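**Q** I am attaching a structure below and will ask some questions about it afterwards.
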Amino acid sequence: TILMDGDKTVAASFSALAQYTLTLNTFGDGAVTADPLPEPGGFYYDGTLVTLTAVPDPGMQLDAWGGDLTGTYPNPTLAAGAFGTVTALGGVSSNGTGTDAYEAGLDRTRTIDALTGKAAAAEELIGSADTAFEADASKLAAAGLAGRHVYFVRIIDGNALRVHGKGSVAGNVLSRLGLTNAYQGTVNEWGFATVEPSALAEDPKAAIVVAGPVRDDQMAAVFDTPLGRALPAVRAKAVHGLPVTWTFGGIPSAIHMADAIAAALTQRSAETGN
């Protein structure tokens with residue numbers, strides 16, 4: 001407002017608003033919509049409020065946002081100038097695909113970190129796993145355990161075990177440790193089979209490692225029965241309970257698994273020679 005009580009001059013100065021692009025990526029099955037749509041040149045003017053909507057495909061869900069947006073709210077609003085690249089991370093799995101679960105996990109890790117601008121972090125994590133596997137393999141070799149045949153199992157009940165074979169994270173870890181997976185039978189798409197305890201007698205030279213958490217009464221229900229006591233590994237005192245071990249996890253879980261297996265085998269080898 002200006003009071004006109006004489007001759008006056010007014011000048012209005014205008015400057016162009018900054019323009020920003022919004023790049024939308026998805027990982028997993030689904031899409032992301034933006035409201036409003038960008039200007040015809042593919043940009044938003046500084047300060048424009050943009051609402052994103054995650055649209056998962058049937059059977060999928062939004063796990064998280066990545067890039068310049070974090071959180072899990074399905075309809076976030078952000079202002080132009082505060083964003084650049086946004087990635088919607090849908091539910092993904094490297095297990096249950098019928099492929100090598102650990103190798104699939106490496107691919108997923110590289111893909112997710114590339115989409116979120118953290119490719120270097122992915123390679124650092126993968127490199128740390130390789131270093132850990134090599135260190136554990138060296139410990140096993142120094143203890144004379146290179147090539148040792150090992151069954152990797154999880155106890156379901158006294159009459160049923162989940163034994164991990166080809167394609168499982170456990171199978172891959174055993175190989176990276178320079179050990180031999182004693183179970184060479186048929187597995188499901190998750191890389192394991194459900195067997196009776198008697199199946200662990202098929203390789204009489206094999207040790208048995210049992211994924212934790214596992215209680216003493218669970219171990220006794222399998223290995224302290226007439227059948228259990230007759231198993232070659234039980235007679236040889238080569239059954240090893242592990243601490244909490246996640247058999248369907250990613251790279252950190254595989255590192256923990258390798259460390260636990262190496263520690264159990266080398267400790268028992270020092271104590272009993274098995």
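In the structure tokens, each chain is lettered A, B, ... as it comes, each chain's residues begin at 1, and ligands are numbered from 1 in order of appearance.
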Determine, counting only C-alpha atoms, which protein, DNA and RNA residues have an atom within 9 Å of an atom of Tyr44 of chain A; residues of the same chain fewer than 2 positions away are not included. Present the result as a PyMOL selection string.

**A** chain A and resi 18-22+37-39+41-42+46-48+50+80-81

**Q** With DSSP run on the backbone, what are the helix (DSSP H, G or I) residues within segment 62-208 of chain A? I'd like them as a PDB file with N, CA and C atoms, in the first residue's frame.

**A**
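What follows is the written file states.pdb:
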ATOM      1  N   ALA A 101      21.750 -68.352  -2.198  1.00  0.00           N
ATOM      2  CA  ALA A 101      21.196 -67.266  -1.400  1.00  0.00           C
ATOM      3  C   ALA A 101      22.243 -66.216  -1.059  1.00  0.00           C
ATOM      4  N   TYR A 102      23.475 -66.627  -0.779  1.00  0.00           N
ATOM      5  CA  TYR A 102      24.489 -65.644  -0.412  1.00  0.00           C
ATOM      6  C   TYR A 102      24.881 -64.799  -1.614  1.00  0.00           C
ATOM      7  N   GLU A 103      25.076 -65.428  -2.763  1.00  0.00           N
ATOM      8  CA  GLU A 103      25.432 -64.670  -3.964  1.00  0.00           C
ATOM      9  C   GLU A 103      24.301 -63.717  -4.347  1.00  0.00           C
ATOM     10  N   ALA A 104      23.049 -64.178  -4.185  1.00  0.00           N
ATOM     11  CA  ALA A 104      21.909 -63.301  -4.458  1.00  0.00           C
ATOM     12  C   ALA A 104      21.903 -62.128  -3.491  1.00  0.00           C
ATOM     13  N   GLY A 105      22.307 -62.378  -2.238  1.00  0.00           N
ATOM     14  CA  GLY A 105      22.389 -61.306  -1.259  1.00  0.00           C
ATOM     15  C   GLY A 105      23.430 -60.266  -1.630  1.00  0.00           C
ATOM     16  N   LEU A 106      24.538 -60.713  -2.206  1.00  0.00           N
ATOM     17  CA  LEU A 106      25.559 -59.763  -2.665  1.00  0.00           C
ATOM     18  C   LEU A 106      24.984 -58.862  -3.759  1.00  0.00           C
ATOM     19  N   ASP A 107      24.264 -59.472  -4.691  1.00  0.00           N
ATOM     20  CA  ASP A 107      23.660 -58.687  -5.786  1.00  0.00           C
ATOM     21  C   ASP A 107      22.656 -57.687  -5.233  1.00  0.00           C
ATOM     22  N   ARG A 108      21.820 -58.112  -4.288  1.00  0.00           N
ATOM     23  CA  ARG A 108      20.809 -57.214  -3.708  1.00  0.00           C
ATOM     24  C   ARG A 108      21.493 -56.058  -2.975  1.00  0.00           C
ATOM     25  N   THR A 109      22.552 -56.372  -2.244  1.00  0.00           N
ATOM     26  CA  THR A 109      23.263 -55.330  -1.505  1.00  0.00           C
ATOM     27  C   THR A 109      23.833 -54.289  -2.456  1.00  0.00           C
ATOM     28  N   ARG A 110      24.445 -54.736  -3.528  1.00  0.00           N
ATOM     29  CA  ARG A 110      25.028 -53.795  -4.490  1.00  0.00           C
ATOM     30  C   ARG A 110      23.933 -52.957  -5.162  1.00  0.00           C
ATOM     31  N   THR A 111      22.809 -53.582  -5.481  1.00  0.00           N
ATOM     32  CA  THR A 111      21.730 -52.859  -6.154  1.00  0.00           C
ATOM     33  C   THR A 111      21.126 -51.796  -5.247  1.00  0.00           C
ATOM     34  N   ILE A 112      20.803 -52.181  -4.014  1.00  0.00           N
ATOM     35  CA  ILE A 112      20.193 -51.228  -3.080  1.00  0.00           C
ATOM     36  C   ILE A 112      21.135 -50.072  -2.796  1.00  0.00           C
ATOM     37  N   ASP A 113      22.409 -50.374  -2.545  1.00  0.00           N
ATOM     38  CA  ASP A 113      23.342 -49.305  -2.210  1.00  0.00           C
ATOM     39  C   ASP A 113      23.620 -48.399  -3.407  1.00  0.00           C
ATOM     40  N   ALA A 114      23.564 -48.959  -4.614  1.00  0.00           N
ATOM     41  CA  ALA A 114      23.734 -48.120  -5.800  1.00  0.00           C
ATOM     42  C   ALA A 114      22.555 -47.163  -5.944  1.00  0.00           C
ATOM     43  N   LEU A 115      21.349 -47.663  -5.688  1.00  0.00           N
ATOM     44  CA  LEU A 115      20.161 -46.821  -5.804  1.00  0.00           C
ATOM     45  C   LEU A 115      20.114 -45.736  -4.728  1.00  0.00           C
ATOM     46  N   ALA A 119      27.208 -46.992  -3.015  1.00  0.00           N
ATOM     47  CA  ALA A 119      27.877 -48.127  -3.648  1.00  0.00           C
ATOM     48  C   ALA A 119      29.184 -48.455  -2.951  1.00  0.00           C
ATOM     49  N   ALA A 120      29.928 -47.428  -2.524  1.00  0.00           N
ATOM     50  CA  ALA A 120      31.206 -47.669  -1.853  1.00  0.00           C
ATOM     51  C   ALA A 120      31.001 -48.424  -0.541  1.00  0.00           C
ATOM     52  N   ALA A 121      29.906 -48.110   0.158  1.00  0.00           N
ATOM     53  CA  ALA A 121      29.616 -48.793   1.424  1.00  0.00           C
ATOM     54  C   ALA A 121      29.319 -50.263   1.186  1.00  0.00           C
ATOM     55  N   ALA A 122      28.648 -50.575   0.075  1.00  0.00           N
ATOM     56  CA  ALA A 122      28.352 -51.969  -0.249  1.00  0.00           C
ATOM     57  C   ALA A 122      29.635 -52.748  -0.456  1.00  0.00           C
ATOM     58  N   GLU A 123      30.554 -52.189  -1.228  1.00  0.00           N
ATOM     59  CA  GLU A 123      31.809 -52.890  -1.495  1.00  0.00           C
ATOM     60  C   GLU A 123      32.644 -53.021  -0.231  1.00  0.00           C
ATOM     61  N   GLU A 124      32.549 -52.031   0.643  1.00  0.00           N
ATOM     62  CA  GLU A 124      33.278 -52.119   1.913  1.00  0.00           C
ATOM     63  C   GLU A 124      32.738 -53.261   2.764  1.00  0.00           C
ATOM     64  N   LEU A 125      31.407 -53.401   2.808  1.00  0.00           N
ATOM     65  CA  LEU A 125      30.796 -54.482   3.582  1.00  0.00           C
ATOM     66  C   LEU A 125      31.153 -55.838   2.986  1.00  0.00           C
ATOM     67  N   ILE A 126      31.062 -55.956   1.673  1.00  0.00           N
ATOM     68  CA  ILE A 126      31.388 -57.223   1.015  1.00  0.00           C
ATOM     69  C   ILE A 126      32.862 -57.572   1.232  1.00  0.00           C
ATOM     70  N   GLY A 127      33.717 -56.549   1.148  1.00  0.00           N
ATOM     71  CA  GLY A 127      35.140 -56.785   1.386  1.00  0.00           C
ATOM     72  C   GLY A 127      35.415 -57.243   2.804  1.00  0.00           C
ATOM     73  N   SER A 128      34.688 -56.675   3.777  1.00  0.00           N
ATOM     74  CA  SER A 128      34.889 -57.090   5.165  1.00  0.00           C
ATOM     75  C   SER A 128      34.467 -58.537   5.369  1.00  0.00           C
ATOM     76  N   ALA A 129      33.432 -58.975   4.633  1.00  0.00           N
ATOM     77  CA  ALA A 129      33.010 -60.377   4.718  1.00  0.00           C
ATOM     78  C   ALA A 129      34.081 -61.297   4.148  1.00  0.00           C
ATOM     79  N   ASP A 130      34.620 -60.936   3.009  1.00  0.00           N
ATOM     80  CA  ASP A 130      35.681 -61.758   2.407  1.00  0.00           C
ATOM     81  C   ASP A 130      36.874 -61.875   3.351  1.00  0.00           C
ATOM     82  N   THR A 131      37.229 -60.759   3.983  1.00  0.00           N
ATOM     83  CA  THR A 131      38.351 -60.779   4.926  1.00  0.00           C
ATOM     84  C   THR A 131      38.050 -61.691   6.111  1.00  0.00           C
ATOM     85  N   ALA A 132      36.827 -61.619   6.624  1.00  0.00           N
ATOM     86  CA  ALA A 132      36.445 -62.464   7.759  1.00  0.00           C
ATOM     87  C   ALA A 132      36.463 -63.943   7.377  1.00  0.00           C
ATOM     88  N   PHE A 133      35.943 -64.270   6.193  1.00  0.00           N
ATOM     89  CA  PHE A 133      35.935 -65.663   5.750  1.00  0.00           C
ATOM     90  C   PHE A 133      37.367 -66.196   5.612  1.00  0.00           C
ATOM     91  N   GLU A 134      38.233 -65.374   5.030  1.00  0.00           N
ATOM     92  CA  GLU A 134      39.620 -65.804   4.844  1.00  0.00           C
ATOM     93  C   GLU A 134      40.309 -66.032   6.184  1.00  0.00           C
ATOM     94  N   ALA A 135      40.048 -65.152   7.155  1.00  0.00           N
ATOM     95  CA  ALA A 135      40.658 -65.308   8.473  1.00  0.00           C
ATOM     96  C   ALA A 135      40.169 -66.584   9.154  1.00  0.00           C
ATOM     97  N   ASP A 136      38.852 -66.843   9.065  1.00  0.00           N
ATOM     98  CA  ASP A 136      38.311 -68.058   9.678  1.00  0.00           C
ATOM     99  C   ASP A 136      38.820 -69.310   8.969  1.00  0.00           C
ATOM    100  N   ALA A 137      38.929 -69.246   7.637  1.00  0.00           N
ATOM    101  CA  ALA A 137      39.451 -70.394   6.883  1.00  0.00           C
ATOM    102  C   ALA A 137      40.892 -70.688   7.276  1.00  0.00           C
ATOM    103  N   SER A 138      41.666 -69.637   7.526  1.00  0.00           N
ATOM    104  CA  SER A 138      43.059 -69.827   7.944  1.00  0.00           C
ATOM    105  C   SER A 138      43.129 -70.494   9.309  1.00  0.00           C
ATOM    106  N   LYS A 139      42.236 -70.091  10.230  1.00  0.00           N
ATOM    107  CA  LYS A 139      42.199 -70.716  11.553  1.00  0.00           C
ATOM    108  C   LYS A 139      41.872 -72.203  11.449  1.00  0.00           C
ATOM    109  N   LEU A 140      40.904 -72.521  10.602  1.00  0.00           N
ATOM    110  CA  LEU A 140      40.519 -73.927  10.436  1.00  0.00           C
ATOM    111  C   LEU A 140      41.648 -74.737   9.806  1.00  0.00           C
ATOM    112  N   ALA A 141      42.302 -74.156   8.809  1.00  0.00           N
ATOM    113  CA  ALA A 141      43.409 -74.860   8.161  1.00  0.00           C
ATOM    114  C   ALA A 141      44.548 -75.090   9.139  1.00  0.00           C
ATOM    115  N   ALA A 142      44.835 -74.070   9.971  1.00  0.00           N
ATOM    116  CA  ALA A 142      45.914 -74.210  10.949  1.00  0.00           C
ATOM    117  C   ALA A 142      45.611 -75.298  11.971  1.00  0.00           C
ATOM    118  N   VAL A 169      22.632 -70.166   2.518  1.00  0.00           N
ATOM    119  CA  VAL A 169      23.709 -69.317   3.042  1.00  0.00           C
ATOM    120  C   VAL A 169      24.728 -70.182   3.779  1.00  0.00           C
ATOM    121  N   ALA A 170      24.249 -71.128   4.577  1.00  0.00           N
ATOM    122  CA  ALA A 170      25.155 -71.996   5.329  1.00  0.00           C
ATOM    123  C   ALA A 170      26.055 -72.796   4.394  1.00  0.00           C
ATOM    124  N   GLY A 171      25.486 -73.317   3.312  1.00  0.00           N
ATOM    125  CA  GLY A 171      26.293 -74.071   2.361  1.00  0.00           C
ATOM    126  C   GLY A 171      27.380 -73.224   1.745  1.00  0.00           C
ATOM    127  N   ASN A 172      27.060 -71.978   1.414  1.00  0.00           N
ATOM    128  CA  ASN A 172      28.049 -71.072   0.840  1.00  0.00           C
ATOM    129  C   ASN A 172      29.131 -70.744   1.857  1.00  0.00           C
ATOM    130  N   VAL A 173      28.729 -70.506   3.101  1.00  0.00           N
ATOM    131  CA  VAL A 173      29.696 -70.179   4.144  1.00  0.00           C
ATOM    132  C   VAL A 173      30.648 -71.352   4.376  1.00  0.00           C
ATOM    133  N   LEU A 174      30.128 -72.560   4.437  1.00  0.00           N
ATOM    134  CA  LEU A 174      30.994 -73.726   4.617  1.00  0.00           C
ATOM    135  C   LEU A 174      32.045 -73.791   3.519  1.00  0.00           C
ATOM    136  N   SER A 175      31.630 -73.550   2.289  1.00  0.00           N
ATOM    137  CA  SER A 175      32.565 -73.583   1.174  1.00  0.00           C
ATOM    138  C   SER A 175      33.628 -72.504   1.316  1.00  0.00           C
ATOM    139  N   ARG A 176      33.233 -71.298   1.699  1.00  0.00           N
ATOM    140  CA  ARG A 176      34.184 -70.195   1.847  1.00  0.00           C
ATOM    141  C   ARG A 176      35.150 -70.439   2.995  1.00  0.00           C
ATOM    142  N   PRO A 197      16.931 -87.627  12.181  1.00  0.00           N
ATOM    143  CA  PRO A 197      18.314 -87.673  12.672  1.00  0.00           C
ATOM    144  C   PRO A 197      19.158 -88.763  12.021  1.00  0.00           C
ATOM    145  N   SER A 198      18.534 -89.845  11.602  1.00  0.00           N
ATOM    146  CA  SER A 198      19.298 -90.942  10.991  1.00  0.00           C
ATOM    147  C   SER A 198      20.015 -90.508   9.717  1.00  0.00           C
ATOM    148  N   ALA A 199      19.531 -89.427   9.060  1.00  0.00           N
ATOM    149  CA  ALA A 199      20.177 -88.952   7.837  1.00  0.00           C
ATOM    150  C   ALA A 199      21.585 -88.453   8.103  1.00  0.00           C
ATOM    151  N   LEU A 200      21.888 -88.119   9.352  1.00  0.00           N
ATOM    152  CA  LEU A 200      23.204 -87.594   9.683  1.00  0.00           C
ATOM    153  C   LEU A 200      24.240 -88.707   9.844  1.00  0.00           C
ATOM    154  N   ALA A 201      23.833 -89.931   9.581  1.00  0.00           N
ATOM    155  CA  ALA A 201      24.780 -91.056   9.609  1.00  0.00           C
ATOM    156  C   ALA A 201      25.304 -91.376   8.212  1.00  0.00           C
TER     157      ALA A 201
END

**Q** Based on the backbone DSSP call, show me all residues of segment 49-205 of chain A assigned strand (DSSP E), as JSON, numbers by chain.

**A** {"A": [49, 50, 51, 52, 53, 54, 55, 56, 62, 63, 64, 65, 66, 67, 77, 78, 79, 85, 86, 87, 88, 89, 90, 149, 150, 151, 152, 153, 154, 155, 156, 157, 160, 161, 162, 163, 164, 180, 181, 192, 193, 194, 195]}

**Q** Set the distance at 12 Å and use only C-alpha atoms: which residues neighbour Gly228 of chain A once local chain neighbours fewer than 3 positions away are removed? I'd like the list as a tab-separated table (two decimals) with C-alpha atoms, in the first residue's frame.

**A**
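Once written, selection-v2.tsv looks like this:
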chain	number	residue	atom	x	y	z
A	158	GLY	CA	13.47	-84.74	18.37
A	159	ASN	CA	12.50	-86.43	15.12
A	196	GLU	CA	15.22	-87.46	10.42
A	197	PRO	CA	18.31	-87.67	12.67
A	198	SER	CA	19.30	-90.94	10.99
A	199	ALA	CA	20.18	-88.95	7.84
A	200	LEU	CA	23.20	-87.59	9.68
A	201	ALA	CA	24.78	-91.06	9.61
A	208	ILE	CA	27.58	-81.68	13.04
A	219	MET	CA	20.13	-81.27	21.88
A	220	ALA	CA	19.35	-84.24	24.14
A	221	ALA	CA	16.10	-84.99	22.31
A	222	VAL	CA	18.10	-85.59	19.13
A	223	PHE	CA	21.55	-86.73	20.20
A	224	ASP	CA	21.01	-88.38	23.61
A	225	THR	CA	18.66	-91.15	22.47
A	231	LEU	CA	25.42	-91.41	15.16
A	232	PRO	CA	29.09	-91.32	14.10
A	233	ALA	CA	29.47	-87.64	15.01
A	234	VAL	CA	28.05	-88.25	18.50
A	235	ARG	CA	30.38	-91.17	19.12
A	237	LYS	CA	32.19	-86.10	20.17
A	239	VAL	CA	28.53	-82.29	17.62

**Q** Hey, which of A:Gly117, A:Arg215, A:Tyr183, A:Gly144 ends up closest to Asp157 of chain A? Count only C-alpha atoms.

**A** A:Arg215

**Q** Mind giving me the straight-line distance from atom CA of Ala64 of chain A to atom CA of Val244 of chain A in Å, one decimal?

**A**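 About the pair atom CA of Ala64 of chain A and atom CA of Val244 of chain A: they are 26.9 Å apart.
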
**Q** Do a neighbour search on Asn75 of chain A at 7 Å with only C-alpha atoms, toss out local chain neighbours closer than 3 positions, and write the hits as a list of chain:residue names.

**A**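 My list of contacting residues is A:Thr51, A:Leu52, A:Thr53, A:Ala54.
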
**Q** Please produce an output containing all heavy atoms for each residue in the selection, written as a tab-separated table (two decimals), in the first residue's frame.

**A**
chain	number	residue	atom	x	y	z
A	51	THR	N	3.82	-34.37	-3.26
A	51	THR	CA	3.42	-35.56	-2.50
A	51	THR	C	3.72	-36.80	-3.32
A	51	THR	O	3.30	-36.93	-4.47
A	51	THR	CB	1.93	-35.52	-2.15
A	51	THR	OG1	1.67	-34.37	-1.34
A	51	THR	CG2	1.51	-36.77	-1.39
A	52	LEU	N	4.47	-37.71	-2.72
A	52	LEU	CA	4.79	-38.98	-3.37
A	52	LEU	C	3.88	-40.07	-2.83
A	52	LEU	O	3.52	-40.07	-1.65
A	52	LEU	CB	6.25	-39.36	-3.12
A	52	LEU	CG	7.31	-38.34	-3.55
A	52	LEU	CD1	8.70	-38.86	-3.23
A	52	LEU	CD2	7.18	-38.03	-5.03
A	53	THR	N	3.52	-40.98	-3.68
A	53	THR	CA	2.70	-42.13	-3.26
A	53	THR	C	3.36	-43.41	-3.74
A	53	THR	O	3.62	-43.58	-4.94
A	53	THR	CB	1.28	-42.04	-3.84
A	53	THR	OG1	0.67	-40.83	-3.40
A	53	THR	CG2	0.44	-43.23	-3.39
A	54	ALA	N	3.65	-44.30	-2.79
A	54	ALA	CA	4.20	-45.60	-3.14
A	54	ALA	C	3.06	-46.53	-3.53
A	54	ALA	O	2.06	-46.63	-2.81
A	54	ALA	CB	4.97	-46.19	-1.95

**Q** Distance atom CA of Val86 of chain A-atom CA of Met60 of chain A, one decimal place?

**A**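 Taking atom CA of Val86 of chain A and atom CA of Met60 of chain A, their separation equals 18.7 Å.
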